[in-house]
Amino acid sequence: MRQVTYPAALGSCALGGHSSPLQAAEWTLTPTYSSTVDYNTNQRLLADSHSTDMGVITADLLFKHAEESLDYSLEPRYAFRRFTDSTLGNGDDRSIYAALNWTRETTSLKLTASYWDQSTLTTELLDTGIVSGDTHRRLGQAAANWIWSQTEVRSLITQLTYLDVSYHGQAAALLPGYRYPSGLIGERFLLNERTSFSFSAYGSELESDTKGNSSHSVGLQAELVHQFTERTQIDASVGKSSRVLAGESSNGLDASISLTHTGELSRASASYTRSLVPYGFGYLVERQQYTLSFTEPLSTTLNATLTGFHIQNNQTAVLLRLDRPSYDSVSLAFNWRPFEHWSLGGQVEELRSEIPPSDERVHWVRVSLTVTWAPQPVSRSW
């Protein structure tokens with residue numbers, strides 16, 4: 001449900017670029033505005049539940065510059081969020097995202113950076129469970145992905161990621177945050193037109209001010225990507241790692257598998273992930289997640305999406321009171337586009353969980369309605 005260059009630095013570098021007179025270049029501005037009303041029977045997912053209404057107004061602006069082999073973008077976003085329950089406080093979100101893609105005949109490089117400032121009401125509910133309208137999470141992210149094609153069937157792949165998470169507000173003392181660098185280096189082999197195989201070494205380290213915490217992992221991973229048809233693909237990986245979690249050494253298994261089928265207008269997917277997830281407490285927690293999703297058009301302007309997921313945390317996380325044992329959710333969403341630049345979306349979701357140590361069952365039902373206006377992008381070419 002979380003990847004040194006910072007957004008401002010990358011954005012400044014991107015805006016300073018220029019194109020060769022021999023290359024076609026284009027600037028585009030793509031704005032998106034939306035308004036959402038939301039009803040939730042149990043916003044904090046606690047035993048003493050009471051219903052809450054919410055309203056959100058969001059503005060998103062995407063600036064993008066594209067050339068023949070280079071494109072870069074900058075995307076600021078702001079969401080003004082208020083609740084009818086005044087004790088939930090300020091739920092505003094703000095973020096900025098930057099990306100750069102550079103491609104040559106035998107190599108490609110992708111850089112991304114982002115900064116998010118979000119209420120714990122949206123970031124912590126499925127993790128630490130510490131939700132406070134007066135507490136926000138600040139997340140800085142930087143990532144690099146480099147691929148070098150050594151031959152027609154063999155490529156070197158390198159991925160580096162850095163996360164910096166901190167908290168400010170009333171409950172910040174309970175959430176020390178963390179720094180989380182991770183990386184991967186390996187080889188990818190193209191076995192045929194539809195199948196590729198990768199073998200890589202990977203590692204990560206969690207740095208936190210949490211007392212007694214020392215968490216890192218190193219391991220080896222294999223990945224297979226196969227297209228059964230032009231519309232059906234499987235992506236599976238498995239890794240074995242040596243870990244130190246909260247000072248305790250162990251061996252662990254990392255795995256993921258996803259199956260995707262895309263029709264002319266429909267899409268179905270199923271996935272399973274077993275991985276280490278960094279928490280605001282300053283710990284790494286092993287988590288398993290199962291997800292199913294199906295999107296089907298009901299008409300030329302209306303489609304529906306049915307989604308379900310199950311999250312299972314390991315027993316150590318539950319015993320240490322780091323998280324709840326599990327979460328189960330099912331949702332049904334509709335999107336109707338009556339006009340070219342206008343759309344109307346609706347969603348009904350139910351979420352269930354338990355509160356340790358009594359494992360008392362709690363749940364919510366959430367209903368939301370969103371109106372979105374995406375005017376024509378503004379472009380300039382030279």
# chains A, B, ... in the order shown; residues from 1 in each chain; ligands from 1

$ select_by_dssp --residues "segment 56-271 of chain A" --states "strand (DSSP E)" --output "MDAnalysis selection string"
chainID A and resid 56:66 70:83 93:103 107:119 135:149 154:169 178:190 195:206 215:227 232:245 248:262 267:271

$ select_by_dssp --residues "segment 96-296 of chain A" --states "helix (DSSP H, G or I)" --output "PDB file with all heavy atoms, in the first residue's frame"
ATOM      1  N   THR A 120      -2.536  11.648   8.494  1.00  0.00           N
ATOM      2  CA  THR A 120      -2.458  10.239   8.885  1.00  0.00           C
ATOM      3  C   THR A 120      -3.803   9.545   8.754  1.00  0.00           C
ATOM      4  O   THR A 120      -3.874   8.310   8.773  1.00  0.00           O
ATOM      5  CB  THR A 120      -1.940  10.105  10.327  1.00  0.00           C
ATOM      6  OG1 THR A 120      -2.761  10.905  11.194  1.00  0.00           O
ATOM      7  CG2 THR A 120      -0.494  10.554  10.444  1.00  0.00           C
ATOM      8  N   LEU A 121      -4.885  10.294   8.619  1.00  0.00           N
ATOM      9  CA  LEU A 121      -6.197   9.687   8.395  1.00  0.00           C
ATOM     10  C   LEU A 121      -6.225   8.889   7.097  1.00  0.00           C
ATOM     11  O   LEU A 121      -7.011   7.946   6.958  1.00  0.00           O
ATOM     12  CB  LEU A 121      -7.284  10.774   8.355  1.00  0.00           C
ATOM     13  CG  LEU A 121      -7.614  11.426   9.699  1.00  0.00           C
ATOM     14  CD1 LEU A 121      -8.411  12.698   9.483  1.00  0.00           C
ATOM     15  CD2 LEU A 121      -8.380  10.454  10.586  1.00  0.00           C
ATOM     16  N   THR A 122      -5.377   9.255   6.151  1.00  0.00           N
ATOM     17  CA  THR A 122      -5.332   8.531   4.880  1.00  0.00           C
ATOM     18  C   THR A 122      -4.089   7.662   4.755  1.00  0.00           C
ATOM     19  O   THR A 122      -4.110   6.668   4.031  1.00  0.00           O
ATOM     20  CB  THR A 122      -5.384   9.510   3.693  1.00  0.00           C
ATOM     21  OG1 THR A 122      -4.301  10.449   3.803  1.00  0.00           O
ATOM     22  CG2 THR A 122      -6.685  10.273   3.665  1.00  0.00           C
ATOM     23  N   THR A 123      -2.984   7.986   5.449  1.00  0.00           N
ATOM     24  CA  THR A 123      -1.746   7.232   5.259  1.00  0.00           C
ATOM     25  C   THR A 123      -1.550   6.090   6.250  1.00  0.00           C
ATOM     26  O   THR A 123      -0.879   5.105   5.942  1.00  0.00           O
ATOM     27  CB  THR A 123      -0.520   8.163   5.364  1.00  0.00           C
ATOM     28  OG1 THR A 123      -0.423   8.679   6.704  1.00  0.00           O
ATOM     29  CG2 THR A 123      -0.625   9.320   4.384  1.00  0.00           C
ATOM     30  N   ALA A 172       2.982  12.943  16.602  1.00  0.00           N
ATOM     31  CA  ALA A 172       4.286  12.712  15.972  1.00  0.00           C
ATOM     32  C   ALA A 172       5.243  11.962  16.894  1.00  0.00           C
ATOM     33  O   ALA A 172       6.123  11.222  16.425  1.00  0.00           O
ATOM     34  CB  ALA A 172       4.901  14.038  15.545  1.00  0.00           C
ATOM     35  N   ALA A 173       5.105  12.125  18.222  1.00  0.00           N
ATOM     36  CA  ALA A 173       6.002  11.441  19.159  1.00  0.00           C
ATOM     37  C   ALA A 173       5.867   9.925  19.074  1.00  0.00           C
ATOM     38  O   ALA A 173       6.805   9.187  19.419  1.00  0.00           O
ATOM     39  CB  ALA A 173       5.719  11.910  20.582  1.00  0.00           C
ATOM     40  N   LEU A 174       4.717   9.423  18.612  1.00  0.00           N
ATOM     41  CA  LEU A 174       4.505   7.985  18.492  1.00  0.00           C
ATOM     42  C   LEU A 174       5.035   7.426  17.176  1.00  0.00           C
ATOM     43  O   LEU A 174       5.093   6.205  16.999  1.00  0.00           O
ATOM     44  CB  LEU A 174       3.006   7.665  18.595  1.00  0.00           C
ATOM     45  CG  LEU A 174       2.299   8.116  19.877  1.00  0.00           C
ATOM     46  CD1 LEU A 174       0.798   7.853  19.777  1.00  0.00           C
ATOM     47  CD2 LEU A 174       2.888   7.399  21.089  1.00  0.00           C
TER      48      LEU A 174
END

$ residues_around --residues "Tyr202 of chain A" --least-positions-apart "6" --cutoff "7 Å" --atoms "only C-alpha atoms" --output "ChimeraX atom specification"
/A:183-185,218-220

$ closest_residue --among "A:Thr58, A:Ser95, A:Asn314, A:Asn303" --to "Leu344 of chain A" --atoms "only C-alpha atoms"
A:Asn303

$ residues_around --residues "Ala317 of chain A" --least-positions-apart "2" --cutoff "12 Å" --atoms "only C-alpha atoms" --output "list of chain:residue names"
A:Asp127, A:Thr128, A:Leu245, A:Ala246, A:Leu276, A:Val277, A:Pro278, A:Tyr279, A:Phe281, A:Tyr283, A:Leu284, A:Val285, A:Glu286, A:Arg287, A:Gln312, A:Asn313, A:Asn314, A:Gln315, A:Leu319, A:Leu320, A:Arg321, A:Leu322, A:Asp323, A:Arg324, A:Pro325, A:Ser326, A:Pro356

$ residues_around --residues "Thr195 of chain A" --least-positions-apart "3" --cutoff "8 Å" --atoms "only C-alpha atoms" --output "number ranges by chain"
A: 190-192, 224-227

$ closest_atom_pairs --of "segment 90-185 of chain A" --to "segment 62-73 of chain A" --cutoff "8 Å" --atoms "only C-alpha atoms" --output "JSON lines"
{"residue": "A:Ala98", "atom": "CA", "partner": "A:Ser73", "partner_atom": "CA", "distance": 5.6}
{"residue": "A:Ala99", "atom": "CA", "partner": "A:Ser73", "partner_atom": "CA", "distance": 5.3}
{"residue": "A:Leu100", "atom": "CA", "partner": "A:Tyr72", "partner_atom": "CA", "distance": 4.2}
{"residue": "A:Asn101", "atom": "CA", "partner": "A:Asp71", "partner_atom": "CA", "distance": 5.4}
{"residue": "A:Trp102", "atom": "CA", "partner": "A:Leu70", "partner_atom": "CA", "distance": 4.6}
{"residue": "A:Thr103", "atom": "CA", "partner": "A:Ser69", "partner_atom": "CA", "distance": 5.2}
{"residue": "A:Arg104", "atom": "CA", "partner": "A:Ser69", "partner_atom": "CA", "distance": 6.7}
